[in-house]
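Asks: Structure file model-v8.txt (compact mmCIF, C-alpha atoms) is given on the next line.
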```
# COMPACT_ATOMS: atom_id res chain seq x y z
CA MET G 244 0.00 0.00 0.00
CA TYR G 245 1.29 3.45 -0.92
CA HIS G 246 1.15 6.30 1.65
CA LYS G 247 0.01 3.89 4.33
CA GLN G 248 0.10 6.43 7.18
CA TYR G 249 -2.06 8.98 5.29
CA VAL G 250 -4.63 6.40 4.26
CA ILE G 251 -5.09 5.04 7.78
CA LEU G 252 -5.16 8.58 9.24
CA GLY G 253 -7.75 9.55 6.65
CA ILE G 254 -9.91 6.53 7.49
CA ILE G 255 -9.72 7.36 11.22
CA VAL G 256 -10.65 11.03 10.63
CA PHE G 257 -13.53 9.92 8.41
CA LEU G 258 -14.85 7.52 11.09
CA ILE G 259 -14.61 10.24 13.77
CA ILE G 260 -16.62 12.66 11.60
CA LEU G 261 -19.10 9.91 10.81
CA ALA G 262 -19.65 9.29 14.50
CA THR G 263 -20.13 12.99 15.35
CA PRO G 264 -23.76 12.60 16.47
CA TYR G 265 -22.71 9.98 19.02
CA TRP G 266 -19.84 11.76 20.77
CA VAL G 267 -21.39 15.24 20.62
CA THR G 268 -24.48 14.13 22.54
CA ALA G 269 -22.71 11.54 24.70
CA GLY G 270 -24.04 11.67 28.23
CA ASN G 271 -26.58 14.36 27.40
CA ILE G 272 -29.44 12.05 26.38
CA LYS G 273 -32.00 11.63 29.11
CA TYR G 274 -34.59 8.92 29.05
CA GLU G 275 -37.95 10.55 29.66
CA ASP G 276 -40.80 8.38 30.81
CA ILE G 277 -44.05 10.12 29.95
CA HIS G 278 -46.11 7.36 31.57
CA LYS G 279 -45.58 8.75 35.08
CA GLU G 280 -46.68 12.25 34.11
CA LEU G 281 -49.97 11.16 32.54
CA ALA G 282 -53.15 11.59 34.58
CA LYS G 283 -54.53 8.47 36.21
CA PRO G 284 -57.72 7.24 34.50
CA LYS G 285 -60.93 7.17 36.52
CA GLY G 286 -62.13 3.70 35.60
CA VAL G 287 -60.68 0.30 36.48
CA ASN G 288 -60.70 -1.52 33.16
CA CYS G 289 -59.88 -0.17 29.74
CA ILE G 290 -61.62 -1.52 26.66
CA LYS G 291 -58.94 -4.13 26.19
CA ASP G 292 -55.73 -4.98 28.04
CA VAL G 293 -53.99 -1.72 29.08
CA LYS G 294 -50.69 -2.58 27.39
CA TRP G 295 -52.46 -3.46 24.16
CA MET G 296 -54.49 -0.24 24.32
CA ALA G 297 -51.38 1.89 24.83
CA SER G 298 -49.85 0.74 21.56
CA ASN G 299 -52.91 -0.18 19.47
CA HIS G 300 -55.75 2.17 20.44
CA MET G 301 -55.61 3.82 17.02
CA GLU G 302 -56.30 0.51 15.33
CA LEU G 303 -59.25 -0.06 17.62
CA LEU G 304 -60.58 3.38 16.70
CA ASN G 305 -60.20 2.63 13.00
CA GLU G 306 -62.09 -0.62 13.52
CA TRP G 307 -64.79 1.25 15.42
CA ARG G 308 -65.06 3.86 12.68
CA GLU G 309 -65.87 1.21 10.10
CA ALA G 310 -68.23 -0.61 12.44
CA ALA G 311 -70.19 2.47 13.48
CA VAL G 312 -70.42 4.31 10.17
CA ARG G 313 -70.79 1.43 7.78
CA GLY G 314 -72.33 -1.31 9.89
CA GLY G 315 -74.41 0.64 12.40
CA VAL G 316 -72.76 -1.18 15.31
CA ARG G 317 -72.77 1.01 18.42
CA LYS G 318 -71.92 -1.51 21.16
CA TYR G 319 -68.63 -3.37 21.47
CA GLN G 320 -68.22 -6.43 23.66
CA THR G 321 -64.85 -7.33 25.16
CA LYS G 322 -63.91 -9.40 28.16
CA ASN G 323 -63.87 -6.16 30.18
CA GLY G 324 -67.50 -5.37 29.44
CA VAL G 325 -69.71 -3.67 26.86
CA PHE G 326 -68.59 -0.31 25.49
CA ASN G 327 -70.24 2.35 23.37
CA VAL G 328 -68.62 2.67 19.96
CA SER G 329 -67.88 6.39 20.24
CA LEU G 330 -64.93 8.69 20.82
CA THR G 331 -66.75 10.06 23.87
CA GLU G 332 -66.17 6.70 25.51
CA CYS G 333 -62.45 7.58 25.89
CA TRP G 334 -62.92 10.56 28.17
CA ARG G 335 -65.40 8.86 30.39
CA CYS G 336 -62.22 7.68 32.15
CA HIS G 337 -59.36 9.66 30.64
CA ASN G 338 -58.61 13.34 31.02
CA TYR G 339 -58.21 14.73 27.51
CA GLU G 340 -55.69 17.50 28.26
CA LYS G 341 -53.59 15.63 30.79
CA PHE G 342 -53.68 12.18 29.22
CA CYS G 343 -54.50 12.04 25.51
CA LYS G 344 -53.11 15.40 24.43
CA LYS G 345 -50.05 15.26 26.65
CA CYS G 346 -48.85 11.91 25.28
CA HIS G 347 -49.73 12.84 21.69
CA SER G 348 -47.71 16.06 21.88
CA PHE G 349 -44.81 14.25 23.57
CA MET G 350 -44.75 11.69 20.77
CA ASP G 351 -45.37 14.44 18.18
CA VAL G 352 -48.45 12.63 16.92
CA ARG G 353 -51.18 14.77 15.39
CA PRO G 354 -54.34 12.71 15.05
CA VAL G 355 -56.63 14.01 12.31
CA CYS G 356 -59.69 12.84 14.29
CA TRP G 357 -60.05 16.25 15.93
CA ASP G 358 -60.38 18.07 12.62
CA CYS G 359 -63.98 16.92 12.51
CA HIS G 360 -64.78 15.31 15.87
CA TYR G 361 -65.39 17.04 19.14
CA ASN G 362 -62.85 16.72 21.94
CA PRO G 363 -63.05 18.27 25.43
CA GLY G 364 -60.14 20.57 24.57
CA MET G 365 -62.37 22.56 22.18
CA LYS G 366 -63.98 24.64 24.96
CA ILE G 367 -67.44 24.68 23.37
CA PRO G 368 -70.40 23.89 25.67
CA THR G 369 -71.98 20.51 24.99
CA VAL G 370 -75.50 19.15 24.87
CA ASN G 371 -76.47 15.56 25.43
CA TYR G 372 -79.30 13.99 23.48
CA ILE G 373 -78.81 10.38 24.51
CA LYS G 374 -80.64 9.54 27.71
CA MET R 178 -52.92 -37.48 -36.47
CA ILE R 179 -55.28 -34.58 -35.59
CA SER R 180 -55.62 -31.87 -38.20
CA ARG R 181 -54.72 -28.29 -37.45
CA ARG R 182 -58.28 -27.17 -38.14
CA LYS R 183 -59.72 -29.71 -35.70
CA PHE R 184 -57.11 -28.83 -33.05
CA LEU R 185 -57.95 -25.13 -33.22
CA VAL R 186 -61.68 -25.82 -33.04
CA LEU R 187 -61.22 -28.06 -29.97
CA VAL R 188 -59.01 -25.55 -28.16
CA THR R 189 -61.42 -22.66 -28.83
CA ALA R 190 -64.42 -24.72 -27.76
CA GLY R 191 -62.66 -25.75 -24.55
CA ALA R 192 -61.69 -22.18 -23.72
CA ALA R 193 -65.23 -20.98 -24.39
CA THR R 194 -66.70 -23.68 -22.11
CA ILE R 195 -64.35 -22.77 -19.25
CA ALA R 196 -65.02 -19.05 -19.66
CA THR R 197 -68.80 -19.51 -19.65
CA GLY R 198 -68.67 -21.82 -16.63
CA LYS R 199 -66.52 -19.35 -14.71
CA ALA R 200 -68.76 -16.42 -15.57
CA LEU R 201 -71.83 -18.33 -14.40
CA SER R 202 -70.27 -19.56 -11.16
CA LEU R 203 -68.93 -16.07 -10.34
CA GLY R 204 -72.47 -14.78 -10.31
CA GLU R 205 -73.50 -17.45 -7.83
CA GLU R 206 -70.57 -16.87 -5.49
CA LYS R 207 -71.53 -13.25 -4.84
CA GLU R 208 -73.17 -13.54 -1.45
CA LYS R 209 -75.08 -10.60 -0.13
CA TYR R 210 -73.66 -9.35 3.12
CA THR R 211 -76.38 -9.11 5.75
CA SER R 212 -76.22 -7.88 9.32
CA GLU R 213 -78.58 -7.00 12.15
CA LEU R 214 -79.60 -3.92 10.20
CA SER R 215 -81.46 -6.03 7.63
CA GLU R 216 -84.34 -6.46 10.08
CA TYR R 217 -85.12 -2.76 9.88
CA LYS R 218 -86.30 -0.31 7.30
CA TRP R 219 -86.71 3.10 8.79
CA GLY R 220 -89.37 5.42 7.47
CA MET R 221 -91.25 8.54 8.46
CA VAL R 222 -94.75 9.86 7.97
CA ILE R 223 -95.25 13.62 8.23
CA ASP R 224 -98.66 15.08 8.95
CA VAL R 225 -98.77 18.14 6.69
CA ASP R 226 -101.88 19.61 8.36
CA LYS R 227 -100.17 19.73 11.75
CA CYS R 228 -96.98 21.17 10.24
CA THR R 229 -98.96 23.85 8.42
CA LYS R 230 -100.75 24.80 11.62
CA CYS R 231 -97.52 24.97 13.63
CA VAL R 232 -95.59 26.99 11.06
CA THR R 233 -98.37 29.46 10.23
CA GLU R 234 -98.84 30.07 13.97
CA ILE R 235 -95.15 30.86 14.39
CA MET R 236 -95.21 33.11 11.32
CA LYS R 237 -98.20 35.02 12.67
CA LYS R 238 -96.82 35.27 16.20
CA GLU R 239 -93.36 36.44 15.22
CA GLY R 240 -94.44 38.38 12.13
CA ILE R 241 -92.14 36.57 9.69
CA ASP R 242 -92.97 36.58 5.99
CA ASP R 243 -90.05 34.54 4.67
CA ILE R 244 -90.64 30.80 5.13
CA GLU R 245 -86.87 30.19 5.22
CA LYS R 246 -86.53 32.22 8.41
CA VAL R 247 -89.18 30.29 10.34
CA ARG R 248 -87.63 28.01 12.92
CA PRO R 249 -90.10 25.52 14.40
CA PRO R 250 -88.91 23.30 17.31
CA CYS R 251 -87.97 20.39 15.00
CA ILE R 252 -85.47 22.50 13.05
CA VAL R 253 -84.05 24.15 16.19
CA GLU R 254 -83.45 20.81 17.91
CA CYS R 255 -82.16 19.12 14.74
CA ASP R 256 -79.57 21.87 14.25
CA LYS R 257 -78.43 21.61 17.84
CA ALA R 258 -78.25 17.83 17.90
CA ASN R 259 -76.54 17.37 14.54
CA ASN R 260 -74.03 20.21 14.97
CA VAL R 261 -75.46 22.21 12.10
CA PRO R 262 -73.99 25.72 12.15
CA GLN R 263 -76.04 28.89 11.83
CA SER R 264 -74.90 31.32 9.20
CA ASP R 265 -76.26 34.50 7.63
CA LYS R 266 -74.81 33.60 4.25
CA TYR R 267 -76.08 30.07 3.71
CA TYR R 268 -79.03 27.91 4.71
CA TYR R 269 -77.51 24.89 6.46
CA SER R 270 -80.44 23.36 8.35
CA LEU R 271 -81.11 19.80 7.25
CA ILE R 272 -84.88 20.38 7.16
CA ARG R 273 -86.19 22.97 4.72
CA LEU R 274 -89.76 24.26 4.78
CA TYR R 275 -91.70 24.71 1.55
CA MET R 276 -94.98 26.56 1.31
CA VAL R 277 -97.29 25.30 -1.41
CA LYS R 278 -100.37 27.13 -2.70
CA GLU R 279 -102.55 25.67 -5.41
CA THR R 280 -104.01 29.06 -6.29
CA GLU R 281 -103.13 32.60 -5.27
CA ASP R 282 -105.83 32.84 -2.60
CA ALA R 283 -105.76 29.21 -1.41
CA ASN R 284 -104.78 28.16 2.11
CA PRO R 285 -101.08 27.32 2.08
CA LEU R 286 -99.64 23.91 2.92
CA VAL R 287 -96.26 23.66 4.61
CA PHE R 288 -94.04 20.74 3.68
CA PRO R 289 -90.95 20.15 5.81
CA VAL R 290 -88.53 18.50 3.39
CA MET R 291 -85.49 16.67 4.67
CA CYS R 292 -83.62 13.77 3.05
CA GLN R 293 -86.34 11.48 1.71
CA GLU R 294 -84.20 8.33 2.23
CA CYS R 295 -84.96 7.05 -1.28
CA GLU R 296 -85.12 3.39 -2.10
CA HIS R 297 -83.28 4.16 -5.35
CA PRO R 298 -81.09 7.12 -4.38
CA ALA R 299 -79.63 9.21 -7.16
CA CYS R 300 -77.01 10.69 -4.82
CA VAL R 301 -75.50 7.27 -4.12
CA GLU R 302 -75.34 6.46 -7.82
CA VAL R 303 -73.22 9.51 -8.60
CA CYS R 304 -70.90 9.45 -5.57
CA LEU R 305 -67.33 9.16 -6.82
CA THR R 306 -65.76 7.85 -3.65
CA GLN R 307 -68.69 5.74 -2.41
CA ALA R 308 -68.89 8.05 0.57
CA SER R 309 -72.66 8.22 0.16
CA TYR R 310 -74.20 4.82 0.45
CA LYS R 311 -77.43 3.12 1.35
CA ARG R 312 -77.28 1.20 4.57
CA GLU R 313 -79.13 -2.08 4.90
CA ASP R 314 -81.84 -0.43 6.97
CA GLY R 315 -82.46 2.00 4.13
CA ILE R 316 -80.82 5.12 5.55
CA ILE R 317 -78.61 7.01 3.13
CA VAL R 318 -75.43 7.85 5.01
CA ILE R 319 -72.45 10.01 4.11
CA ASP R 320 -69.18 8.56 5.33
CA LEU R 321 -67.48 11.90 5.95
CA HIS R 322 -64.12 10.15 6.18
CA ARG R 323 -64.42 9.59 2.44
CA CYS R 324 -66.36 12.65 1.27
CA ILE R 325 -64.22 14.86 -0.96
CA GLY R 326 -66.81 17.61 -1.27
CA CYS R 327 -67.36 17.36 -5.04
CA ARG R 328 -71.11 18.09 -4.63
CA TYR R 329 -72.20 15.71 -7.39
CA CYS R 330 -74.76 14.32 -4.94
CA MET R 331 -76.24 17.78 -4.43
CA ILE R 332 -76.78 18.11 -8.16
CA ALA R 333 -78.28 14.62 -8.32
CA CYS R 334 -80.64 14.97 -5.36
CA PRO R 335 -84.15 15.81 -6.62
CA TYR R 336 -85.27 17.00 -3.17
CA ASN R 337 -82.59 19.62 -2.46
CA ALA R 338 -81.90 17.75 0.78
CA ARG R 339 -78.13 18.11 0.97
CA ARG R 340 -76.07 21.00 2.21
CA PHE R 341 -72.47 21.87 1.51
CA LEU R 342 -70.47 23.23 4.42
CA TRP R 343 -68.87 26.40 3.11
CA GLU R 344 -67.64 27.54 6.51
CA ASP R 345 -65.84 25.83 9.36
CA PRO R 346 -68.56 24.72 11.79
CA LYS R 347 -66.19 24.98 14.76
CA GLU R 348 -66.22 28.76 14.45
CA LEU R 349 -69.99 29.03 14.11
CA LEU R 350 -71.26 26.46 16.61
CA LYS R 351 -72.33 27.70 20.02
CA VAL R 352 -73.10 24.27 21.48
CA VAL R 353 -71.82 20.89 20.35
CA ASN R 354 -73.29 17.44 20.60
CA PRO R 355 -70.22 15.25 21.14
CA GLU R 356 -71.94 12.11 19.86
CA ALA R 357 -72.56 13.56 16.39
CA PRO R 358 -69.73 14.59 14.07
CA VAL R 359 -68.79 18.28 14.20
CA ARG R 360 -67.54 18.06 10.57
CA LYS R 361 -65.17 20.32 8.74
CA HIS R 362 -65.77 22.81 5.97
CA GLY R 363 -65.78 21.29 2.50
CA VAL R 364 -68.02 18.29 3.06
CA VAL R 365 -71.66 17.61 2.30
CA MET R 366 -74.16 16.92 5.07
CA LYS R 367 -77.68 15.61 5.12
CA CYS R 368 -80.40 14.26 7.39
CA GLU R 369 -79.49 10.73 8.43
CA PHE R 370 -82.44 10.17 10.77
CA CYS R 371 -80.07 10.98 13.67
CA LEU R 372 -78.13 7.81 12.97
CA TRP R 373 -75.88 8.24 16.04
CA LYS R 374 -79.00 8.32 18.24
CA ILE R 375 -81.19 5.63 16.71
CA ASP R 376 -78.31 3.13 16.42
CA ARG R 377 -77.49 3.57 20.10
CA GLU R 378 -81.13 3.29 21.14
CA ARG R 379 -81.61 0.21 19.00
CA ALA R 380 -78.58 -1.39 20.69
CA GLU R 381 -80.08 -0.58 24.09
CA ASN R 382 -83.46 -2.09 23.11
CA LYS R 383 -85.26 1.23 23.32
CA GLU R 384 -87.61 2.61 20.74
CA PRO R 385 -85.40 4.64 18.37
CA LYS R 386 -86.55 8.17 17.66
CA PRO R 387 -84.73 10.95 15.80
CA VAL R 388 -84.43 14.30 17.53
CA CYS R 389 -87.05 16.09 15.37
CA VAL R 390 -89.66 13.45 16.22
CA GLU R 391 -89.01 13.94 19.94
CA ALA R 392 -89.04 17.72 19.61
CA CYS R 393 -92.33 18.04 17.72
CA PRO R 394 -94.99 19.42 20.10
CA TYR R 395 -97.87 18.30 17.82
CA ASN R 396 -96.70 14.75 17.26
CA ALA R 397 -96.77 15.41 13.54
CA LEU R 398 -93.75 13.25 12.71
CA ILE R 399 -94.05 9.50 13.05
CA PHE R 400 -90.91 7.44 12.77
CA GLY R 401 -90.67 3.69 12.75
CA ASN R 402 -89.72 0.39 11.22
CA LEU R 403 -91.52 -0.30 7.95
CA LYS R 404 -90.60 -3.99 8.10
CA ASP R 405 -92.44 -4.45 11.40
CA PRO R 406 -96.20 -4.83 10.63
CA ASN R 407 -97.15 -3.82 14.19
CA SER R 408 -95.26 -0.53 14.29
CA GLU R 409 -97.21 2.71 14.38
CA ILE R 410 -95.91 3.80 11.00
CA SER R 411 -96.95 0.55 9.30
CA LYS R 412 -100.47 0.89 10.67
CA ILE R 413 -100.72 4.48 9.46
CA LEU R 414 -99.49 3.51 6.01
CA LYS R 415 -102.11 0.75 5.87
CA THR R 416 -105.06 2.99 6.71
CA SER R 417 -104.23 6.52 5.50
CA LYS R 418 -103.59 8.06 2.16
CA VAL R 419 -100.05 9.33 1.88
CA LEU R 420 -98.11 11.25 -0.70
CA THR R 421 -94.54 10.79 -1.87
CA LEU R 422 -92.74 13.78 -3.29
CA ARG R 423 -91.80 13.63 -6.96
CA ALA R 424 -93.05 10.08 -7.29
CA TYR R 425 -92.65 10.22 -11.07
CA LEU R 426 -88.88 10.02 -10.65
CA GLY R 427 -89.07 6.48 -9.29
CA THR R 428 -86.80 7.19 -6.33
CA ASN R 429 -89.43 5.70 -3.99
CA PRO R 430 -88.79 7.75 -0.84
CA LYS R 431 -89.33 6.34 2.63
CA VAL R 432 -90.51 9.70 3.95
CA LYS R 433 -94.23 10.07 3.25
CA TYR R 434 -96.56 13.04 3.62
CA LYS R 435 -100.03 12.61 5.07
CA LEU R 436 -102.33 15.24 3.60
CA TRP R 437 -105.81 14.04 4.52
CA GLY R 438 -106.92 13.66 8.11
CA ASP R 439 -107.74 10.34 9.74
```
What do you get writing this file as structure tokens?
Replies:
Amino acid sequence: MYHKQYVILGIIVFLIILATPYWVTAGNIKYEDIHKELAKPKGVNCIKDVKWMASNHMELLNEWREAAVRGGVRKYQTKNGVFNVSLTECWRCHNYEKFCKKCHSFMDVRPVCWDCHYNPGMKIPTVNYIK
Amino acid sequence: MISRRKFLVLVTAGAATIATGKALSLGEEKEKYTSELSEYKWGMVIDVDKCTKCVTEIMKKEGIDDIEKVRPPCIVECDKANNVPQSDKYYYSLIRLYMVKETEDANPLVFPVMCQECEHPACVEVCLTQASYKREDGIIVIDLHRCIGCRYCMIACPYNARRFLWEDPKELLKVVNPEAPVRKHGVVMKCEFCLWKIDRERAENKEPKPVCVEACPYNALIFGNLKDPNSEISKILKTSKVLTLRAYLGTNPKVKYKLWGD
């Protein structure tokens, strides 16, 4: 190999530059656990297993959307009981601002649901027609 | 040795047989999807005499000349329950009142016209995204998740029953019903017989009633299941003479108008 020392030096410099993101932030990354900061829900049981709900609630809501709009299904049976197929069912137990919105903004998730659906963060008085 | 002519004839005949068989069996395989909704067929009978009385009373009492500005309890409650915004620029209410006079000096008749829930809906035929569709229980529903706001359905509808949301309802609404969609500007809305309410009540084994039916002080609107021979609406349809609007179009609406008394 010609100019061995320069080649190896070059490779080392290249690797150091490549790894910049690692050694610049070394020791500065904190692990934040949002779970502890979220408000405690009022109820005992969620619609499904809590762990499953935490990661898959959006899929459940998509399933509910199809069931309610297309199939006219408004009750959903799980092993934890019977639930109304409606977004309002969420904040019967959960605080919208301190639970839903807090985690969504932490994860930088912007659900499009609230473009058209009501959520308690909208600050408009509500009426209830279902007795 | 088989001749080329015979070979070609055999191959073509075989292909034709397979193709025909497949086409026939495909038709058989198409099973119609049925659910609990197939037991119902929602309909409504509107007593025009009672509506006329109610509306003319309001017009006299409040001194309104324009029929579009009259707001009887059914329209007020419907707007509130279905998150219909109020605007000076456009008429958004899902029920529209029409005053009909046969001659200049005749007594007027007031027809409240909402979506007629046609058996053969023109709006569903033209919908590009299949957002408008006929549910098994006969209600025409707009899936707002799919509506692109092209307004073809509004052109197709012979009853002028659909409204296009030109403005953002969130800015115009003073109260919100969380169970019904708030919607966004740029979609079409229509009367869906308070689908969110009647579906819930049906699931809870109560008698489903849309908001306008509950709000009417004269009991002029009768809602019920047309498939059930013992329901109030079926009995009324058996004994009274009713009218369907624009019957010549063959849309066969499920909203009927009772013109002659009992």
Asks: I'd like the interatomic distance between CA of Lys386 in chain R and CA of Lys218 in chain R, to a tenth of an Å.
Replies: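 Between CA of Lys386 in chain R and CA of Lys218 in chain R the gap is 13.4 Å.
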Asks: Using Å and a single decimal, report how far CA of His297 in chain R sits from CA of Phe341 in chain R.
Replies: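 Atom-to-atom, CA of Phe341 in chain R and CA of His297 in chain R are spaced 21.9 Å apart.
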Asks: Using only C-alpha atoms, find the residues of chain G whose closest atom to chain R is at most 9 Å away, then write them as a PyMOL selection string.
Replies: chain G and resi 311-318+327-331+358-363+365+367-373
Asks: Excluding same-chain residues fewer than 2 positions from Gly363 in chain R, what lies within 10 Å of it counting only C-alpha atoms, as a PyMOL selection string?
Replies: chain R and resi 324-328+341-345+360-361+365-366
Asks: Separation of CA of Gln320 in chain G and CA of Tyr339 in chain G, in Å?
Replies: 23.7 Å
Asks: Identify, on the basis of all atoms listed in the file, every residue whose closest approach to Ser408 in chain R does not exceed 12 Å; exclude the query and any residue fewer than 5 positions from it along the same chain; express the result as an NGL selection string.
Replies: :R and (217-221 or 384-385 or 399-403 or 413-415)
Asks: Write the residues you've just listed into a file as a short mmCIF file (atom, residue, chain, number, x, y, z; two decimals), keeping the file's coordinate frame, and include C-alpha atoms for each of them.
Replies:
```
data_model
loop_
_atom_site.label_atom_id
_atom_site.label_comp_id
_atom_site.auth_asym_id
_atom_site.auth_seq_id
_atom_site.Cartn_x
_atom_site.Cartn_y
_atom_site.Cartn_z
CA TYR R 217 -85.12 -2.76 9.88
CA LYS R 218 -86.30 -0.31 7.30
CA TRP R 219 -86.71 3.10 8.79
CA GLY R 220 -89.37 5.42 7.47
CA MET R 221 -91.25 8.54 8.46
CA GLU R 384 -87.61 2.61 20.74
CA PRO R 385 -85.40 4.64 18.37
CA ILE R 399 -94.05 9.50 13.05
CA PHE R 400 -90.91 7.44 12.77
CA GLY R 401 -90.67 3.69 12.75
CA ASN R 402 -89.72 0.39 11.22
CA LEU R 403 -91.52 -0.30 7.95
CA ILE R 413 -100.72 4.48 9.46
CA LEU R 414 -99.49 3.51 6.01
CA LYS R 415 -102.11 0.75 5.87
#
```
Asks: Take every atom of range 327-346 of chain R listed in the file, fit an axis-aligned box around them, add 5 Å per side, and give the centre and edge lengths in Å to one decimal as JSON.
Replies:
```
{"center_x": -75.6, "center_y": 20.9, "center_z": 1.7, "size_x": 29.4, "size_y": 23.2, "size_z": 30.1}
```
Asks: Find the residues around Val301 in chain R up to 10 Å (all atoms listed in the file counted), leave out those fewer than 2 positions away in its own chain, and share them as JSON, numbers by chain.
Replies: {"R": [295, 297, 298, 299, 303, 304, 305, 306, 307, 308, 309, 310, 311, 317, 318, 319, 329, 330, 333, 334]}
Asks: Looking at all atoms listed in the file, which of R:Ser264, R:Glu234, R:Ser215, R:Glu369 is the one that sits closest to Val287 in chain R?
Replies: R:Glu234
Asks: Show me, as a list of chain:residue names, the residues that have an atom within 8 Å of range 284-300 of chain G when counting only C-alpha atoms, minus same-chain residues fewer than 4 positions from it.
Replies: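 The filter keeps G:Leu304, G:Thr321, G:Lys322, G:Asn323, G:Gly324, G:Phe326, G:Arg335, G:Cys336, G:His337, G:Asn338.
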